[in-house]
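*Asks:* First, the structure itself, so that you have it in front of you.
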Amino acid sequence: MGKKTDSLTKSLVKTGIQMDRRIKIRHIQSFVEIAREGSLKRAAEKLYLTQPAISKTLKELEDILGAPLMLRNRSGVSLTDQGEVFLHFAQMSLASLQQGLQGIEQIGKDASQRIRVGSLPSVAASLMPSVVEEFSKLAPRATLSMVDGPHHYLVDRLRLGDLDLVIGRLGAPDTMQGISFTQLYTEQVEFVVRTGHPLAKDPDLQRIGDWQVLFPPAGSAIQPLVERFLIANGVGDLPNRIETVSGAFGRVYTRNTDAVWVISSGVVARELADGILVKLPFDTGLTQGPVGLMARPETTDTPVTQLFRLAIRNVLENQHIIP
C-alpha cells in the first residue's frame, strides 16, 4: 500500500476506530465477506443472511467509522480508499480469532496443558482471584501453577524460564532487561493501620517514625517509590522497621499491633473494604505506578498462554480498569 493508504491508516488509528467497542464480529465478518464476493447478495447467501440484513450491518459499520467503506453500483460493490485500509485490519482480526478458536480446541484435546504464572502480593490479593476464575472457564482442563513473591524473585524466575508470565509492578530499568512489559492498570502505595490506631484519629506523616513500620525491602518494586515519597515529604529515617512485602504476615501483624504498614493498595483492598484495616489520609499519588504483564519477548505464546491473557483482559474490562 502506498503513502495515501499509510496516511489513512494513521488517521484511523488517531481517531480510535480500531478500539471502538461498538464494532462487533458480525460487522467485520459481513464486511470481509462482501469484499470477497464483490456483491451484497452473494455475501448474504454465504452468511445465511437476507440482503437487507447484511446491507444494514454494513451501514452500521460505516456509521460507526464515520467513513464510506464501499461504493454500491449495478455491477456490485467496490472498496473506497478507507475500505481498502479497513479490510486489511479486518482480515487480520478474523485470522486472530480463528487462531484463538483453534487454541481452545487444542486445549480441549490436551489435558496436560500447563501455564506457570507469578504475581506480586498486591496482584495475588486483588486481581488474580478473578482472573483465575475467568481462566478456569476458558480453559477448564488446563493446569495453572501460581507463585507470588517480590519483584526481583519473580523476574529472575521468569528470565530463567521457570515462569511463563509475571503480573506485577514495572521495576527499575536494570531489573527489566530482557523482559517485555505490557501495562494493565496503575496502583499506588498506602499507609495502613488497625482500626482505632492513634494515627487514624490524628494523622500526621511526620510522626510515623514513632511507631514500628512494615516497610518494603530493597529489591521490591515499590521501595524506591516509597523512599522518594518520604524524602519529598521531609520524613527522615525510620529506624524501627520490619522490611517485608508479605501480605499474610502484614495482615495479621498490623491488625494485632500499632505497626504502620506501607504496602500496595491491592494487597489490602479487601481488608480496607471490610473495615478491618484503615488507610491513613496521606496523598500518596507520588507512589502511583504501572502494573503490567511481563514475559520473555523471545518466546511465542502457547494457546493456553493466549487464553490466560484473554482472561486478564476480560476481567479488566468487566471491572472497567482497562488503561
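Scheme for the C-alpha cells: letters A, B, ... for chains in order shown; per-chain residue numbers from 1; ligand numbers from 1 in order shown.
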Determine, using only C-alpha atoms, which residues of segment 146-196 of chain A have any atom at most 10 Å from an atom of segment 116-130 of chain A, and tabulate each with its shortest atom pair and distance in Å to one decimal place, rows ordered by chain and then rising number, as JSON lines.
*Replies:*
```
{"residue": "A:Met146", "atom": "CA", "partner": "A:Val117", "partner_atom": "CA", "distance": 5.0}
{"residue": "A:Val147", "atom": "CA", "partner": "A:Gly118", "partner_atom": "CA", "distance": 4.7}
{"residue": "A:Asp148", "atom": "CA", "partner": "A:Ser119", "partner_atom": "CA", "distance": 4.8}
{"residue": "A:Gly149", "atom": "CA", "partner": "A:Leu120", "partner_atom": "CA", "distance": 5.5}
{"residue": "A:Pro150", "atom": "CA", "partner": "A:Leu120", "partner_atom": "CA", "distance": 6.0}
{"residue": "A:His151", "atom": "CA", "partner": "A:Leu120", "partner_atom": "CA", "distance": 6.6}
{"residue": "A:Tyr153", "atom": "CA", "partner": "A:Gly118", "partner_atom": "CA", "distance": 9.5}
{"residue": "A:Leu154", "atom": "CA", "partner": "A:Gly118", "partner_atom": "CA", "distance": 6.1}
{"residue": "A:Val155", "atom": "CA", "partner": "A:Gly118", "partner_atom": "CA", "distance": 8.6}
{"residue": "A:Arg157", "atom": "CA", "partner": "A:Gly118", "partner_atom": "CA", "distance": 8.7}
{"residue": "A:Leu158", "atom": "CA", "partner": "A:Gly118", "partner_atom": "CA", "distance": 8.1}
{"residue": "A:Gly161", "atom": "CA", "partner": "A:Arg116", "partner_atom": "CA", "distance": 9.6}
{"residue": "A:Asp162", "atom": "CA", "partner": "A:Arg116", "partner_atom": "CA", "distance": 7.6}
{"residue": "A:Leu163", "atom": "CA", "partner": "A:Arg116", "partner_atom": "CA", "distance": 5.0}
{"residue": "A:Asp164", "atom": "CA", "partner": "A:Arg116", "partner_atom": "CA", "distance": 5.3}
{"residue": "A:Leu165", "atom": "CA", "partner": "A:Val117", "partner_atom": "CA", "distance": 4.9}
{"residue": "A:Val166", "atom": "CA", "partner": "A:Gly118", "partner_atom": "CA", "distance": 4.5}
{"residue": "A:Ile167", "atom": "CA", "partner": "A:Ser119", "partner_atom": "CA", "distance": 4.7}
{"residue": "A:Gly168", "atom": "CA", "partner": "A:Leu120", "partner_atom": "CA", "distance": 5.2}
{"residue": "A:Arg169", "atom": "CA", "partner": "A:Leu120", "partner_atom": "CA", "distance": 7.6}
{"residue": "A:Glu187", "atom": "CA", "partner": "A:Ser122", "partner_atom": "CA", "distance": 9.3}
```
*Asks:* Please write the residues from the selection above to a file, keeping N, CA and C atoms, as a PDB file, in the first residue's frame.
*Replies:*
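Contents of part_30.pdb, freshly written:
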```
ATOM      1  N   MET A 146       0.721 -21.260  40.225  1.00  0.00           N
ATOM      2  CA  MET A 146       0.886 -19.869  40.635  1.00  0.00           C
ATOM      3  C   MET A 146       1.946 -19.724  41.728  1.00  0.00           C
ATOM      4  N   VAL A 147       2.704 -18.636  41.608  1.00  0.00           N
ATOM      5  CA  VAL A 147       3.719 -18.300  42.603  1.00  0.00           C
ATOM      6  C   VAL A 147       3.604 -16.813  42.877  1.00  0.00           C
ATOM      7  N   ASP A 148       3.683 -16.408  44.162  1.00  0.00           N
ATOM      8  CA  ASP A 148       3.772 -14.978  44.437  1.00  0.00           C
ATOM      9  C   ASP A 148       5.064 -14.704  45.190  1.00  0.00           C
ATOM     10  N   GLY A 149       5.477 -13.452  45.158  1.00  0.00           N
ATOM     11  CA  GLY A 149       6.737 -13.092  45.778  1.00  0.00           C
ATOM     12  C   GLY A 149       7.160 -11.706  45.373  1.00  0.00           C
ATOM     13  N   PRO A 150       8.335 -11.259  45.822  1.00  0.00           N
ATOM     14  CA  PRO A 150       8.824  -9.922  45.480  1.00  0.00           C
ATOM     15  C   PRO A 150       9.239  -9.825  44.015  1.00  0.00           C
ATOM     16  N   HIS A 151       9.336  -8.612  43.551  1.00  0.00           N
ATOM     17  CA  HIS A 151       9.601  -8.332  42.139  1.00  0.00           C
ATOM     18  C   HIS A 151      10.857  -9.037  41.619  1.00  0.00           C
ATOM     19  N   TYR A 153      12.556 -11.561  42.659  1.00  0.00           N
ATOM     20  CA  TYR A 153      12.463 -13.023  42.672  1.00  0.00           C
ATOM     21  C   TYR A 153      11.657 -13.521  41.477  1.00  0.00           C
ATOM     22  N   LEU A 154      10.512 -12.896  41.228  1.00  0.00           N
ATOM     23  CA  LEU A 154       9.648 -13.326  40.127  1.00  0.00           C
ATOM     24  C   LEU A 154      10.290 -13.058  38.776  1.00  0.00           C
ATOM     25  N   VAL A 155      10.902 -11.897  38.619  1.00  0.00           N
ATOM     26  CA  VAL A 155      11.523 -11.554  37.336  1.00  0.00           C
ATOM     27  C   VAL A 155      12.696 -12.490  37.040  1.00  0.00           C
ATOM     28  N   ARG A 157      12.977 -15.608  38.019  1.00  0.00           N
ATOM     29  CA  ARG A 157      12.410 -16.898  37.632  1.00  0.00           C
ATOM     30  C   ARG A 157      11.819 -16.848  36.224  1.00  0.00           C
ATOM     31  N   LEU A 158      11.266 -15.707  35.871  1.00  0.00           N
ATOM     32  CA  LEU A 158      10.758 -15.537  34.507  1.00  0.00           C
ATOM     33  C   LEU A 158      11.902 -15.568  33.506  1.00  0.00           C
ATOM     34  N   GLY A 161      13.136 -18.978  32.791  1.00  0.00           N
ATOM     35  CA  GLY A 161      12.186 -19.891  32.156  1.00  0.00           C
ATOM     36  C   GLY A 161      11.371 -20.717  33.122  1.00  0.00           C
ATOM     37  N   ASP A 162      11.500 -20.432  34.435  1.00  0.00           N
ATOM     38  CA  ASP A 162      10.699 -21.172  35.419  1.00  0.00           C
ATOM     39  C   ASP A 162       9.251 -20.698  35.435  1.00  0.00           C
ATOM     40  N   LEU A 163       8.998 -19.482  34.940  1.00  0.00           N
ATOM     41  CA  LEU A 163       7.650 -18.935  34.844  1.00  0.00           C
ATOM     42  C   LEU A 163       7.379 -18.522  33.405  1.00  0.00           C
ATOM     43  N   ASP A 164       6.117 -18.610  32.999  1.00  0.00           N
ATOM     44  CA  ASP A 164       5.732 -18.197  31.648  1.00  0.00           C
ATOM     45  C   ASP A 164       5.347 -16.730  31.598  1.00  0.00           C
ATOM     46  N   LEU A 165       4.705 -16.252  32.661  1.00  0.00           N
ATOM     47  CA  LEU A 165       4.255 -14.864  32.741  1.00  0.00           C
ATOM     48  C   LEU A 165       4.391 -14.385  34.177  1.00  0.00           C
ATOM     49  N   VAL A 166       4.530 -13.081  34.329  1.00  0.00           N
ATOM     50  CA  VAL A 166       4.519 -12.462  35.656  1.00  0.00           C
ATOM     51  C   VAL A 166       3.639 -11.220  35.581  1.00  0.00           C
ATOM     52  N   ILE A 167       2.799 -11.038  36.593  1.00  0.00           N
ATOM     53  CA  ILE A 167       1.994  -9.824  36.686  1.00  0.00           C
ATOM     54  C   ILE A 167       2.490  -9.034  37.886  1.00  0.00           C
ATOM     55  N   GLY A 168       2.929  -7.811  37.652  1.00  0.00           N
ATOM     56  CA  GLY A 168       3.432  -7.018  38.765  1.00  0.00           C
ATOM     57  C   GLY A 168       3.806  -5.621  38.352  1.00  0.00           C
ATOM     58  N   ARG A 169       4.415  -4.906  39.268  1.00  0.00           N
ATOM     59  CA  ARG A 169       4.832  -3.525  39.050  1.00  0.00           C
ATOM     60  C   ARG A 169       5.997  -3.463  38.068  1.00  0.00           C
ATOM     61  N   GLU A 187      -1.545   1.431  40.200  1.00  0.00           N
ATOM     62  CA  GLU A 187      -1.927   1.401  41.610  1.00  0.00           C
ATOM     63  C   GLU A 187      -0.916   2.203  42.400  1.00  0.00           C
TER      64      GLU A 187
END
```
*Asks:* Segment 61-301 of chain A: which residues are strand (DSSP E) by DSSP, as a PyMOL selection string?
*Replies:* chain A and resi 70-73+76-79+114-119+143-148+165-169+180-187+189-194+213-215+241-243+260-264+277-279+289-295
*Asks:* Based on DSSP run over this structure's backbone, return all residues of segment 241-289 of chain A in alpha helix (DSSP H), as a list in words.
*Replies:*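 Alpha helix (DSSP H) assignments inside segment 241-289 of chain A correspond to Gly247, Ala248, Phe249, Gly250, Arg251, Val252, Tyr253, Thr254, Arg255, Asn256, Ala269, Arg270, Glu271, Leu272, Ala273 and Asp274 of chain A.
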*Asks:* With C-alpha atoms retained, export the selected residues as a PDB file, in the first residue's frame.
*Replies:*
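So selection33.pdb came out as:
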```
ATOM      1  CA  GLY A 247       0.605  -9.992  52.739  1.00  0.00           C
ATOM      2  CA  ALA A 248      -0.068 -12.912  55.082  1.00  0.00           C
ATOM      3  CA  PHE A 249       2.261 -11.539  57.773  1.00  0.00           C
ATOM      4  CA  GLY A 250       1.270  -7.909  57.293  1.00  0.00           C
ATOM      5  CA  ARG A 251      -2.462  -8.501  57.656  1.00  0.00           C
ATOM      6  CA  VAL A 252      -2.112 -10.296  60.982  1.00  0.00           C
ATOM      7  CA  TYR A 253       0.679  -8.170  62.442  1.00  0.00           C
ATOM      8  CA  THR A 254      -0.913  -4.823  61.568  1.00  0.00           C
ATOM      9  CA  ARG A 255      -4.284  -5.878  62.942  1.00  0.00           C
ATOM     10  CA  ASN A 256      -2.761  -7.022  66.256  1.00  0.00           C
ATOM     11  CA  ALA A 269      -8.134  -3.788  49.282  1.00  0.00           C
ATOM     12  CA  ARG A 270     -10.396  -6.387  50.933  1.00  0.00           C
ATOM     13  CA  GLU A 271      -9.330  -5.513  54.499  1.00  0.00           C
ATOM     14  CA  LEU A 272      -9.941  -1.830  53.839  1.00  0.00           C
ATOM     15  CA  ALA A 273     -13.358  -2.552  52.331  1.00  0.00           C
ATOM     16  CA  ASP A 274     -14.293  -4.710  55.334  1.00  0.00           C
TER      17      ASP A 274
END
```
*Asks:* With the cut-off set at 10 Å and counting only C-alpha atoms, tabulate each residue of segment 67-99 of chain A with an atom at most that distance from an atom of segment 25-29 of chain A, showing the nearest atom pair and its distance in Å to one decimal, ordered by chain and increasing number, as JSON lines.
*Replies:*
```
{"residue": "A:Phe86", "atom": "CA", "partner": "A:Ile28", "partner_atom": "CA", "distance": 9.4}
{"residue": "A:Leu87", "atom": "CA", "partner": "A:Ile28", "partner_atom": "CA", "distance": 8.7}
{"residue": "A:Phe89", "atom": "CA", "partner": "A:Ile28", "partner_atom": "CA", "distance": 9.5}
{"residue": "A:Ala90", "atom": "CA", "partner": "A:Ile28", "partner_atom": "CA", "distance": 5.9}
{"residue": "A:Gln91", "atom": "CA", "partner": "A:Ile28", "partner_atom": "CA", "distance": 8.2}
{"residue": "A:Ser93", "atom": "CA", "partner": "A:Ile28", "partner_atom": "CA", "distance": 8.3}
{"residue": "A:Leu94", "atom": "CA", "partner": "A:Gln29", "partner_atom": "CA", "distance": 7.5}
{"residue": "A:Leu97", "atom": "CA", "partner": "A:Ile25", "partner_atom": "CA", "distance": 9.5}
```
*Asks:* Write a file of the selected residues as a PDB file, in the first residue's frame, keeping N, CA and C atoms.
*Replies:*
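Writing the result to out-v9.pdb gives the following:
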```pdb
ATOM      1  N   PHE A  86      -9.386  -0.512   5.921  1.00  0.00           N
ATOM      2  CA  PHE A  86     -10.093  -1.257   6.958  1.00  0.00           C
ATOM      3  C   PHE A  86     -10.114  -2.754   6.656  1.00  0.00           C
ATOM      4  N   LEU A  87     -10.174  -3.130   5.397  1.00  0.00           N
ATOM      5  CA  LEU A  87     -10.183  -4.547   5.018  1.00  0.00           C
ATOM      6  C   LEU A  87      -8.920  -5.246   5.509  1.00  0.00           C
ATOM      7  N   PHE A  89      -7.062  -4.630   8.146  1.00  0.00           N
ATOM      8  CA  PHE A  89      -7.122  -4.904   9.577  1.00  0.00           C
ATOM      9  C   PHE A  89      -8.255  -5.866   9.917  1.00  0.00           C
ATOM     10  N   ALA A  90      -9.353  -5.799   9.180  1.00  0.00           N
ATOM     11  CA  ALA A  90     -10.481  -6.697   9.429  1.00  0.00           C
ATOM     12  C   ALA A  90     -10.083  -8.145   9.170  1.00  0.00           C
ATOM     13  N   GLN A  91      -9.349  -8.372   8.094  1.00  0.00           N
ATOM     14  CA  GLN A  91      -8.901  -9.729   7.777  1.00  0.00           C
ATOM     15  C   GLN A  91      -7.945 -10.253   8.855  1.00  0.00           C
ATOM     16  N   SER A  93      -7.979  -9.378  11.971  1.00  0.00           N
ATOM     17  CA  SER A  93      -8.787  -9.645  13.167  1.00  0.00           C
ATOM     18  C   SER A  93      -9.452 -11.007  13.083  1.00  0.00           C
ATOM     19  N   LEU A  94     -10.024 -11.324  11.925  1.00  0.00           N
ATOM     20  CA  LEU A  94     -10.675 -12.625  11.766  1.00  0.00           C
ATOM     21  C   LEU A  94      -9.667 -13.763  11.830  1.00  0.00           C
ATOM     22  N   LEU A  97      -8.863 -14.328  15.444  1.00  0.00           N
ATOM     23  CA  LEU A  97      -9.979 -15.022  16.088  1.00  0.00           C
ATOM     24  C   LEU A  97      -9.944 -16.514  15.771  1.00  0.00           C
TER      25      LEU A  97
END
```
*Asks:* Do you have the atom CA of Gly234 of chain A-atom CA of Ile208 of chain A distance handy?
*Replies:* 11.9 Å
*Asks:* Find the residues around Thr175 of chain A up to 8 Å (only C-alpha atoms counted), leave out those fewer than 2 positions away in its own chain, and share them as number ranges by chain.
*Replies:* A: 152, 155, 171-173, 177
